[in-house]
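K.L.:
Here you go, one structure.
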Amino acid sequence: MDLSYGQQYENFRREVRSFLEENKPSQGESPLSSGRRQRLVEWLSLQIEHGYWARTIPKKYGGYGAEPDLLETVIMDEEFNRAGIPRGMSSQGPSMLVPTLLEHGSEEQRLRWISPTMRGEIMWCQGYSEPGSGSDLASLQTAAKEDGDDFLINGQKIWTSTADRSQMIFILVRTEPDAPKHSGISYILLPMDTPGIEVQPLRTMSGDLGENSFNQVFFTDVRVPQANVVGKRGEGWRIANTTLKHERNSLNANSEGTMMKLMRLMETETCNGVSAMASPVFRDRLMQLQARSMAMKFHAMRMLTCSLKDEAPGVAGLITKLRNCQLNFDISSLAIDVMGELGALYDHTPYERDLGYWQAHSFFSLGLIIGGGTAQIQKNIISERGLGMPREPKPAKA
Amino acid sequence: MDFGLSEDQILLEETLRSFLSDRVPIERVRELRHEDCPNDPEIWGSLAELGMTGILLPEQSGGSELGLLDACIAAQCLGHAVTPTPFLGSAVMVPMALAKLDHPEIGTWLSGIGSGELRFGVAITETFSVREGAGLTIEGGKVSGKAMMSWDICGADFILVASGSDRLAVIRGDADGIGQTRLATTDETRCTSELTLENVECAAIFEDASESISRMLDAGRIALAADCLGACEAMIEQAVAYAKERKQFERVIGSFQAVKHMCAEMISELEPARALVWYAAHSFDASPSETPLLACHALSHVSEIGREIASVATQVHGGIGWTDEQNLHFWFKRIGVARGLLGGPHWLRERAASLQNLDKAS
């Protein structure tokens with residue numbers, strides 16, 4: 001056990017810190033708020049120039065070109081977090097498409113798409129789930145039929161975050177209808193302004209149509225060149241699994257900040273003249289959550305160590321999403337409980353606490369328990385891959 | 001950055017696990033429960049030969065001067081094998097209590113623990129929980145009163161006793177005026193007693209020992225959490241193995257999602273708790289200011305997930321898990337009894353809040 005980062009990394013931390021102090025966007029002009037695309041592109045480009053974004057992406061694709069170093073990534077994340085500034089841009093282009101192109105894309109695709117995606121010039125959305133294909137994603141039915149050098153796409157996608165403001169979509173479609181379900185799928189890139197694409201917003205339980213908007217996307221005879229396939233035709237499932245792995249990694253949200261916020265709420269929230277923190281019942285629940293939050297923090301350090309040493313974490317590496325998502329939901333549940341009858345206030349109503357954060361966080365956490373592989377799918381993965389338990393036998397065909 | 005066990009620590013774990021499965025298999029534990037006291041001097045002697053009893057002792061006392069994390073690896077193995085042994089009291093709490101205290105006999109006592117020649121009982125429950133009018137008073141070099149749920153009194157050469165929250169004393173196990181009543185619990189692998197003392201001569205008295213008492217309790221809590229974690233681990237292993245063999249409805253029951261999800265829940269709770277116990281143990285030596293809070297969280301959290309794991313792992317076995325013959329109950333009870341020792345989860349959480357001054361809110 002040695003939890004120090006060492007001199008070389010502490011130097012790197014100082015560099016990041018001084019970069020942030022010099023270049024931190026001033027309050028009220030967050031480069032990430034909508035309508036400031038040019039400002040966003042400049043900000044991301046500055047980060048790339050200093051190597052704090054697109055750090056390990058080769059120079060020829062518009063990155064900084066450094067060797068991968070996990071500790072540097074952790075330090076950058078820690079320092080940007082501390083400064084309250086997002087590092088880069090957490091959307092599906094940089095987090096899911098770019099790693100997939102680096103692994104499976106053609107040279108032409110990499111040269112064309114990676115740089116503008118990392119600079120925020122192009123927004124991407126992900127077209128995977130369909131109304132009839134959720135947990136059983138490989139059963140997807142959106143069809144791409146060969147038509148000369150093109151495909152004609154017909155079908156429907158759902159849960160498509162940011163489809164309403166993306167220029168591009170990466171999509172899974174069935175190109176080989178006669179192949180077994182896992183080997184008939186292709187991974188295709190196409191512009192959202194292609195004729196035949198219709199986007200309809202999908203209002204969620206949070207009522208939110210803002211930054212985390214969901215949509216349905218309908219495809220009617222949408223024409224796309226066959227050259228837009230990533231990897232080989234029929235290999236989309238395997239390629240998509242690379243992206244899903246990236247998605248699961250990006251869902252490892254740390255609960256420390258939310259715990260701090262909950263503690264501040266409990267100190268200030270009063271009922272009958274007494275603060276929530278003065279209630280032994282609420283305090284006991286808070287301490288249970290604090291222990292769980294700490295356990296997940298140390299678990300993340302253990303998993304980081306496994307990655308650094310290139311060791312397989314075994315079953316311990318499969319449980320993070322299941323436990324973190326439940327923990328986040330439970331944290332917001334306690335916050336809502338301590339506010340009593342005011343805990344349900346929503347939608348910018350007077351007396352709302354923390355600008356309505358807690359109800360929104362509760363809805364969002366519930367969404368994450370389901371999204372990116374439901375808790376039940378996670379438990380199948382944990383028991384089958386982690387504990388070596390047998391798969392559910394397939395029912396005999398009637 | 002290296003959050004995990006070293007090669008030496010992994011070797012320690014492997015060595016102790018294989019020793020215990022050879023020498024103290026569950027059949028041996030079953031025999032020992034019929035003795036007056038389950039603590040088998042032979043096991044203690046073997047643990048001493050393996051260097052386990054001296055794991056925390058300074059080199060000049062013949063110990064290996066390792067850290068609490070190493071001791072916790074040992075405790076986890078002992079919990080995994082439900083081994084009856086005074087390890088937690090004699091090899092963890094007593095050395096940590098005496099570490100910073102001054103008395104000419106301490107060197108001899110610690111060497112005796114390290115060599116396996118001496119075993120200590122501990123009567124410290126009243127430092128955090130006073131029931132049944134218990135409590136010890138020290139006057140004129142003699143200690144009197146009653147201590148509940150004292151550990152490993154049977155056959156102890158010495159007993160470490162606490163009076164109030166700031167005084168410690170050591171008495172000889174065979175001193176005049178000592179009365180002992182075994183308090184049998186559900187856990188047949190631990191020795192617990194009521195100790196009554198009437199003007200018992202002290203071999204040593206330590207005034208102003210509150211710091212030592214705190215360190216002793218922190219170490220004890222973290223090591224007890226590790227013991228409990230090991231027992232949880234063993235229950236999950238048994239449940240998963242059973243689910244892969246047992247057939248019902250012409251399928252192994254481990255292929256039913258209902259059963260698989262029970263196992264997934266258990267292991268997903270266990271793994272982060274392991275990291276919490278490791279970190280708490282590491283902090284004891286590397287970052288002691290953090291330790292009191294972590295000790296409370298480690299033991300209370302493991303107690304909570306332990307109760308659930310003990311219940312669910314038994315349920316995976318169905319009716320057979322509820323029988324004496326299946327042996328699963330040894331782990332169930334070890335976990336259940338640990339929950340009450342050294343504070344209990346609700347008390348520990350209130351202490352955790354208090355350490356952060358959260359209970360001062362108005």
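Identifiers for the structure tokens are assigned positionally: chains receive A, B, ... in sequence, residues are indexed from 1 per chain, and ligands are indexed from 1 in the order shown.
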Distance table requested - chain A against chain B, cut-off 6 Å, only C-alpha atoms: one row per qualifying residue with the closest atom pair and its distance in Å to one decimal, ordered by chain and rising residue number, as a Markdown table.

P.N.:
| residue | atom | partner | partner_atom | distance |
| --- | --- | --- | --- | --- |
| A:Met1 | CA | B:Phe3 | CA | 5.1 |
| A:Asp2 | CA | B:Asp2 | CA | 4.9 |
| A:Leu3 | CA | B:Met1 | CA | 4.7 |
| A:Ser4 | CA | B:Met1 | CA | 5.4 |
| A:Tyr5 | CA | B:Met1 | CA | 5.2 |
| A:Val274 | CA | B:Ser362 | CA | 5.7 |
| A:Ser275 | CA | B:Ser362 | CA | 5.8 |
| A:Met277 | CA | B:Ala361 | CA | 5.9 |
| A:Ala278 | CA | B:Ala361 | CA | 5.0 |
| A:Met287 | CA | B:Arg349 | CA | 5.8 |
| A:Ala291 | CA | B:His297 | CA | 5.2 |
| A:Ala295 | CA | B:Leu276 | CA | 4.7 |
| A:Met296 | CA | B:Pro272 | CA | 5.6 |
| A:Phe298 | CA | B:Ala275 | CA | 5.4 |
| A:His299 | CA | B:Pro272 | CA | 5.1 |
| A:Arg302 | CA | B:Phe3 | CA | 5.1 |
| A:Thr305 | CA | B:Asp2 | CA | 5.5 |
| A:Ala316 | CA | B:Glu271 | CA | 5.7 |
| A:Ile319 | CA | B:Ser268 | CA | 5.2 |
| A:Lys379 | CA | B:Ala264 | CA | 5.3 |
| A:Ile382 | CA | B:Ala264 | CA | 5.7 |
| A:Ser383 | CA | B:Ala264 | CA | 5.2 |
| A:Met389 | CA | B:Gly254 | CA | 5.9 |
| A:Pro390 | CA | B:Ser255 | CA | 5.0 |
| A:Arg391 | CA | B:Ser255 | CA | 5.7 |
| A:Glu392 | CA | B:Ser255 | CA | 5.1 |

K.L.:
Based on the backbone DSSP call, show me all residues of region 43-149 of chain A assigned alpha helix (DSSP H), as number ranges by chain.

P.N.:
A: 43-50, 70-83, 92, 98-104, 107-118

K.L.:
Can you tell me, as a PDB file with N, CA and C atoms, in the first residue's frame, which residues in region 48-244 of chain A count as strand (DSSP E) by DSSP?

P.N.:
ATOM      1  N   TRP A 124     -21.949  14.529 -31.561  1.00  0.00           N
ATOM      2  CA  TRP A 124     -22.433  13.209 -31.976  1.00  0.00           C
ATOM      3  C   TRP A 124     -23.526  12.720 -31.030  1.00  0.00           C
ATOM      4  N   CYS A 125     -24.440  11.906 -31.554  1.00  0.00           N
ATOM      5  CA  CYS A 125     -25.342  11.145 -30.689  1.00  0.00           C
ATOM      6  C   CYS A 125     -25.211   9.668 -31.042  1.00  0.00           C
ATOM      7  N   GLN A 126     -25.730   8.834 -30.156  1.00  0.00           N
ATOM      8  CA  GLN A 126     -25.532   7.399 -30.275  1.00  0.00           C
ATOM      9  C   GLN A 126     -26.870   6.711 -30.562  1.00  0.00           C
ATOM     10  N   GLY A 127     -26.967   6.016 -31.689  1.00  0.00           N
ATOM     11  CA  GLY A 127     -28.218   5.333 -32.042  1.00  0.00           C
ATOM     12  C   GLY A 127     -28.113   3.835 -31.818  1.00  0.00           C
ATOM     13  N   ALA A 143     -33.182  -1.505 -40.148  1.00  0.00           N
ATOM     14  CA  ALA A 143     -32.589  -2.242 -41.265  1.00  0.00           C
ATOM     15  C   ALA A 143     -31.829  -1.313 -42.199  1.00  0.00           C
ATOM     16  N   ALA A 144     -30.690  -1.780 -42.700  1.00  0.00           N
ATOM     17  CA  ALA A 144     -29.958  -1.053 -43.740  1.00  0.00           C
ATOM     18  C   ALA A 144     -29.868  -1.986 -44.943  1.00  0.00           C
ATOM     19  N   LYS A 145     -30.596  -1.640 -45.996  1.00  0.00           N
ATOM     20  CA  LYS A 145     -30.620  -2.491 -47.201  1.00  0.00           C
ATOM     21  C   LYS A 145     -29.665  -1.947 -48.233  1.00  0.00           C
ATOM     22  N   GLU A 146     -28.910  -2.833 -48.881  1.00  0.00           N
ATOM     23  CA  GLU A 146     -27.978  -2.409 -49.917  1.00  0.00           C
ATOM     24  C   GLU A 146     -28.731  -1.797 -51.086  1.00  0.00           C
ATOM     25  N   ASP A 147     -28.220  -0.675 -51.573  1.00  0.00           N
ATOM     26  CA  ASP A 147     -28.811  -0.055 -52.757  1.00  0.00           C
ATOM     27  C   ASP A 147     -27.668   0.590 -53.527  1.00  0.00           C
ATOM     28  N   ASP A 150     -24.768   2.411 -51.737  1.00  0.00           N
ATOM     29  CA  ASP A 150     -25.341   2.973 -50.508  1.00  0.00           C
ATOM     30  C   ASP A 150     -26.090   1.910 -49.702  1.00  0.00           C
ATOM     31  N   PHE A 151     -26.476   2.330 -48.497  1.00  0.00           N
ATOM     32  CA  PHE A 151     -27.499   1.610 -47.734  1.00  0.00           C
ATOM     33  C   PHE A 151     -28.721   2.510 -47.651  1.00  0.00           C
ATOM     34  N   LEU A 152     -29.900   1.880 -47.576  1.00  0.00           N
ATOM     35  CA  LEU A 152     -31.129   2.621 -47.270  1.00  0.00           C
ATOM     36  C   LEU A 152     -31.588   2.180 -45.887  1.00  0.00           C
ATOM     37  N   ILE A 153     -31.674   3.146 -44.961  1.00  0.00           N
ATOM     38  CA  ILE A 153     -31.970   2.796 -43.567  1.00  0.00           C
ATOM     39  C   ILE A 153     -33.423   3.110 -43.246  1.00  0.00           C
ATOM     40  N   ASN A 154     -34.086   2.111 -42.614  1.00  0.00           N
ATOM     41  CA  ASN A 154     -35.455   2.292 -42.141  1.00  0.00           C
ATOM     42  C   ASN A 154     -35.582   1.726 -40.733  1.00  0.00           C
ATOM     43  N   GLY A 155     -36.196   2.506 -39.835  1.00  0.00           N
ATOM     44  CA  GLY A 155     -36.383   2.001 -38.469  1.00  0.00           C
ATOM     45  C   GLY A 155     -36.460   3.139 -37.476  1.00  0.00           C
ATOM     46  N   GLN A 156     -36.273   2.779 -36.207  1.00  0.00           N
ATOM     47  CA  GLN A 156     -36.457   3.776 -35.145  1.00  0.00           C
ATOM     48  C   GLN A 156     -35.473   3.527 -34.003  1.00  0.00           C
ATOM     49  N   LYS A 157     -34.905   4.623 -33.502  1.00  0.00           N
ATOM     50  CA  LYS A 157     -34.016   4.544 -32.332  1.00  0.00           C
ATOM     51  C   LYS A 157     -34.638   5.324 -31.185  1.00  0.00           C
ATOM     52  N   ILE A 158     -34.252   4.960 -29.957  1.00  0.00           N
ATOM     53  CA  ILE A 158     -34.833   5.627 -28.789  1.00  0.00           C
ATOM     54  C   ILE A 158     -33.745   5.853 -27.736  1.00  0.00           C
ATOM     55  N   MET A 168     -24.023  14.695 -36.093  1.00  0.00           N
ATOM     56  CA  MET A 168     -23.727  13.350 -36.590  1.00  0.00           C
ATOM     57  C   MET A 168     -24.310  12.310 -35.633  1.00  0.00           C
ATOM     58  N   ILE A 169     -24.508  11.099 -36.149  1.00  0.00           N
ATOM     59  CA  ILE A 169     -24.949   9.984 -35.308  1.00  0.00           C
ATOM     60  C   ILE A 169     -24.101   8.761 -35.646  1.00  0.00           C
ATOM     61  N   PHE A 170     -23.718   7.989 -34.622  1.00  0.00           N
ATOM     62  CA  PHE A 170     -23.152   6.652 -34.884  1.00  0.00           C
ATOM     63  C   PHE A 170     -24.231   5.662 -34.486  1.00  0.00           C
ATOM     64  N   ILE A 171     -24.499   4.727 -35.380  1.00  0.00           N
ATOM     65  CA  ILE A 171     -25.723   3.957 -35.273  1.00  0.00           C
ATOM     66  C   ILE A 171     -25.449   2.475 -35.527  1.00  0.00           C
ATOM     67  N   LEU A 172     -26.236   1.626 -34.865  1.00  0.00           N
ATOM     68  CA  LEU A 172     -26.174   0.190 -35.132  1.00  0.00           C
ATOM     69  C   LEU A 172     -27.389  -0.193 -35.966  1.00  0.00           C
ATOM     70  N   VAL A 173     -27.132  -0.843 -37.077  1.00  0.00           N
ATOM     71  CA  VAL A 173     -28.231  -1.260 -37.963  1.00  0.00           C
ATOM     72  C   VAL A 173     -28.020  -2.705 -38.393  1.00  0.00           C
ATOM     73  N   ARG A 174     -29.102  -3.343 -38.809  1.00  0.00           N
ATOM     74  CA  ARG A 174     -29.004  -4.730 -39.279  1.00  0.00           C
ATOM     75  C   ARG A 174     -28.758  -4.716 -40.781  1.00  0.00           C
ATOM     76  N   ILE A 185     -25.045  -7.237 -37.656  1.00  0.00           N
ATOM     77  CA  ILE A 185     -25.156  -5.822 -37.306  1.00  0.00           C
ATOM     78  C   ILE A 185     -23.940  -5.051 -37.806  1.00  0.00           C
ATOM     79  N   SER A 186     -24.166  -3.824 -38.296  1.00  0.00           N
ATOM     80  CA  SER A 186     -23.038  -2.972 -38.696  1.00  0.00           C
ATOM     81  C   SER A 186     -23.102  -1.641 -37.956  1.00  0.00           C
ATOM     82  N   TYR A 187     -21.935  -1.033 -37.841  1.00  0.00           N
ATOM     83  CA  TYR A 187     -21.756   0.232 -37.107  1.00  0.00           C
ATOM     84  C   TYR A 187     -21.517   1.307 -38.166  1.00  0.00           C
ATOM     85  N   ILE A 188     -22.420   2.270 -38.242  1.00  0.00           N
ATOM     86  CA  ILE A 188     -22.380   3.239 -39.350  1.00  0.00           C
ATOM     87  C   ILE A 188     -22.393   4.677 -38.825  1.00  0.00           C
ATOM     88  N   LEU A 189     -21.685   5.569 -39.545  1.00  0.00           N
ATOM     89  CA  LEU A 189     -21.677   6.994 -39.209  1.00  0.00           C
ATOM     90  C   LEU A 189     -22.501   7.754 -40.239  1.00  0.00           C
ATOM     91  N   LEU A 190     -23.389   8.641 -39.788  1.00  0.00           N
ATOM     92  CA  LEU A 190     -24.099   9.445 -40.783  1.00  0.00           C
ATOM     93  C   LEU A 190     -24.503  10.807 -40.237  1.00  0.00           C
ATOM     94  N   PRO A 191     -24.628  11.792 -41.154  1.00  0.00           N
ATOM     95  CA  PRO A 191     -25.028  13.139 -40.738  1.00  0.00           C
ATOM     96  C   PRO A 191     -26.504  13.180 -40.370  1.00  0.00           C
ATOM     97  N   ILE A 197     -34.486  11.650 -41.883  1.00  0.00           N
ATOM     98  CA  ILE A 197     -34.295  11.524 -40.433  1.00  0.00           C
ATOM     99  C   ILE A 197     -35.213  12.518 -39.728  1.00  0.00           C
ATOM    100  N   GLU A 198     -36.000  12.004 -38.778  1.00  0.00           N
ATOM    101  CA  GLU A 198     -36.870  12.890 -38.004  1.00  0.00           C
ATOM    102  C   GLU A 198     -36.587  12.683 -36.523  1.00  0.00           C
ATOM    103  N   VAL A 199     -36.393  13.769 -35.796  1.00  0.00           N
ATOM    104  CA  VAL A 199     -36.089  13.701 -34.357  1.00  0.00           C
ATOM    105  C   VAL A 199     -37.286  14.195 -33.575  1.00  0.00           C
ATOM    106  N   GLN A 200     -37.735  13.383 -32.613  1.00  0.00           N
ATOM    107  CA  GLN A 200     -38.820  13.822 -31.718  1.00  0.00           C
ATOM    108  C   GLN A 200     -38.325  13.770 -30.289  1.00  0.00           C
ATOM    109  N   PRO A 201     -38.485  14.879 -29.539  1.00  0.00           N
ATOM    110  CA  PRO A 201     -38.032  14.842 -28.143  1.00  0.00           C
ATOM    111  C   PRO A 201     -38.838  13.836 -27.328  1.00  0.00           C
ATOM    112  N   LEU A 202     -38.192  13.221 -26.362  1.00  0.00           N
ATOM    113  CA  LEU A 202     -38.849  12.252 -25.487  1.00  0.00           C
ATOM    114  C   LEU A 202     -38.742  12.807 -24.072  1.00  0.00           C
ATOM    115  N   PHE A 214     -33.500  13.563 -24.003  1.00  0.00           N
ATOM    116  CA  PHE A 214     -33.632  12.299 -24.730  1.00  0.00           C
ATOM    117  C   PHE A 214     -34.494  12.534 -25.959  1.00  0.00           C
ATOM    118  N   ASN A 215     -34.319  11.678 -26.934  1.00  0.00           N
ATOM    119  CA  ASN A 215     -35.120  11.807 -28.155  1.00  0.00           C
ATOM    120  C   ASN A 215     -35.437  10.437 -28.721  1.00  0.00           C
ATOM    121  N   GLN A 216     -36.405  10.429 -29.636  1.00  0.00           N
ATOM    122  CA  GLN A 216     -36.582   9.295 -30.523  1.00  0.00           C
ATOM    123  C   GLN A 216     -36.155   9.769 -31.899  1.00  0.00           C
ATOM    124  N   VAL A 217     -35.533   8.870 -32.644  1.00  0.00           N
ATOM    125  CA  VAL A 217     -35.091   9.238 -33.988  1.00  0.00           C
ATOM    126  C   VAL A 217     -35.696   8.237 -34.974  1.00  0.00           C
ATOM    127  N   PHE A 218     -36.390   8.767 -35.977  1.00  0.00           N
ATOM    128  CA  PHE A 218     -37.065   7.925 -36.969  1.00  0.00           C
ATOM    129  C   PHE A 218     -36.310   8.000 -38.283  1.00  0.00           C
ATOM    130  N   PHE A 219     -36.123   6.850 -38.926  1.00  0.00           N
ATOM    131  CA  PHE A 219     -35.393   6.776 -40.192  1.00  0.00           C
ATOM    132  C   PHE A 219     -36.333   6.247 -41.277  1.00  0.00           C
ATOM    133  N   THR A 220     -36.528   7.043 -42.347  1.00  0.00           N
ATOM    134  CA  THR A 220     -37.352   6.595 -43.475  1.00  0.00           C
ATOM    135  C   THR A 220     -36.529   6.742 -44.751  1.00  0.00           C
ATOM    136  N   ASP A 221     -36.151   5.587 -45.339  1.00  0.00           N
ATOM    137  CA  ASP A 221     -35.344   5.580 -46.574  1.00  0.00           C
ATOM    138  C   ASP A 221     -34.159   6.541 -46.498  1.00  0.00           C
ATOM    139  N   VAL A 222     -33.412   6.460 -45.438  1.00  0.00           N
ATOM    140  CA  VAL A 222     -32.259   7.341 -45.245  1.00  0.00           C
ATOM    141  C   VAL A 222     -31.064   6.752 -45.995  1.00  0.00           C
ATOM    142  N   ARG A 223     -30.514   7.519 -46.914  1.00  0.00           N
ATOM    143  CA  ARG A 223     -29.454   7.010 -47.794  1.00  0.00           C
ATOM    144  C   ARG A 223     -28.082   7.346 -47.214  1.00  0.00           C
ATOM    145  N   VAL A 224     -27.226   6.323 -47.064  1.00  0.00           N
ATOM    146  CA  VAL A 224     -25.888   6.545 -46.521  1.00  0.00           C
ATOM    147  C   VAL A 224     -24.890   5.677 -47.302  1.00  0.00           C
ATOM    148  N   PRO A 225     -23.735   6.249 -47.693  1.00  0.00           N
ATOM    149  CA  PRO A 225     -22.755   5.446 -48.454  1.00  0.00           C
ATOM    150  C   PRO A 225     -22.251   4.252 -47.640  1.00  0.00           C
ATOM    151  N   VAL A 229     -19.441   2.689 -43.066  1.00  0.00           N
ATOM    152  CA  VAL A 229     -19.389   1.623 -42.061  1.00  0.00           C
ATOM    153  C   VAL A 229     -18.038   1.687 -41.342  1.00  0.00           C
ATOM    154  N   VAL A 230     -18.058   1.540 -40.007  1.00  0.00           N
ATOM    155  CA  VAL A 230     -16.817   1.455 -39.232  1.00  0.00           C
ATOM    156  C   VAL A 230     -16.471  -0.026 -39.072  1.00  0.00           C
TER     157      VAL A 230
END

K.L.:
Which value, in Å to one decimal, gives the distance between CA of Lys181 (chain A) and CA of Ser161 (chain A)?

P.N.:
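Those two atoms sit 25.2 Å apart.
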
K.L.:
Rounded to one decimal in Å, what is the spacing between CA of Asn380 (chain A) and CA of Asp136 (chain A)?

P.N.:
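Interatomic distance, CA of Asn380 (chain A) to CA of Asp136 (chain A): 12.7 Å.
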
K.L.:
Record the distance separating CA of Leu308 (chain A) and CA of Pro288 (chain B), expressed in Å with one decimal.

P.N.:
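Going from CA of Leu308 (chain A) over to CA of Pro288 (chain B), I get 26.8 Å.
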
K.L.:
Please list as a list in words every residue within 10 Å of Tyr52 (chain A), counting only C-alpha atoms and excluding residues in the same chain fewer than 5 positions away.

P.N.:
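Within the cut-off, the hits are Val16, Phe19, Leu44, Ser45, Leu46, Gln47, Tyr64, Glu72, Thr73, Met76, Asp77, Phe80, Arg87 and Gly88 of chain A.
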
K.L.:
So which residues touch Leu328 (chain B) within 8 Å, counting only C-alpha atoms, skipping near sequence neighbours fewer than 6 positions away, as a VMD selection string?

P.N.:
chain B and resid 235 314 321 to 322

K.L.:
Would you export the selected residues with C-alpha atoms as a PDB file, in the first residue's frame, please?

P.N.:
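Result saved to selection_39.pdb:
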ATOM      1  CA  MET B 235     -20.198 -17.748   3.136  1.00  0.00           C
ATOM      2  CA  THR B 314     -27.901 -19.351   4.037  1.00  0.00           C
ATOM      3  CA  GLY B 321     -28.261 -24.381   5.081  1.00  0.00           C
ATOM      4  CA  TRP B 322     -30.353 -24.232   8.224  1.00  0.00           C
TER       5      TRP B 322
END
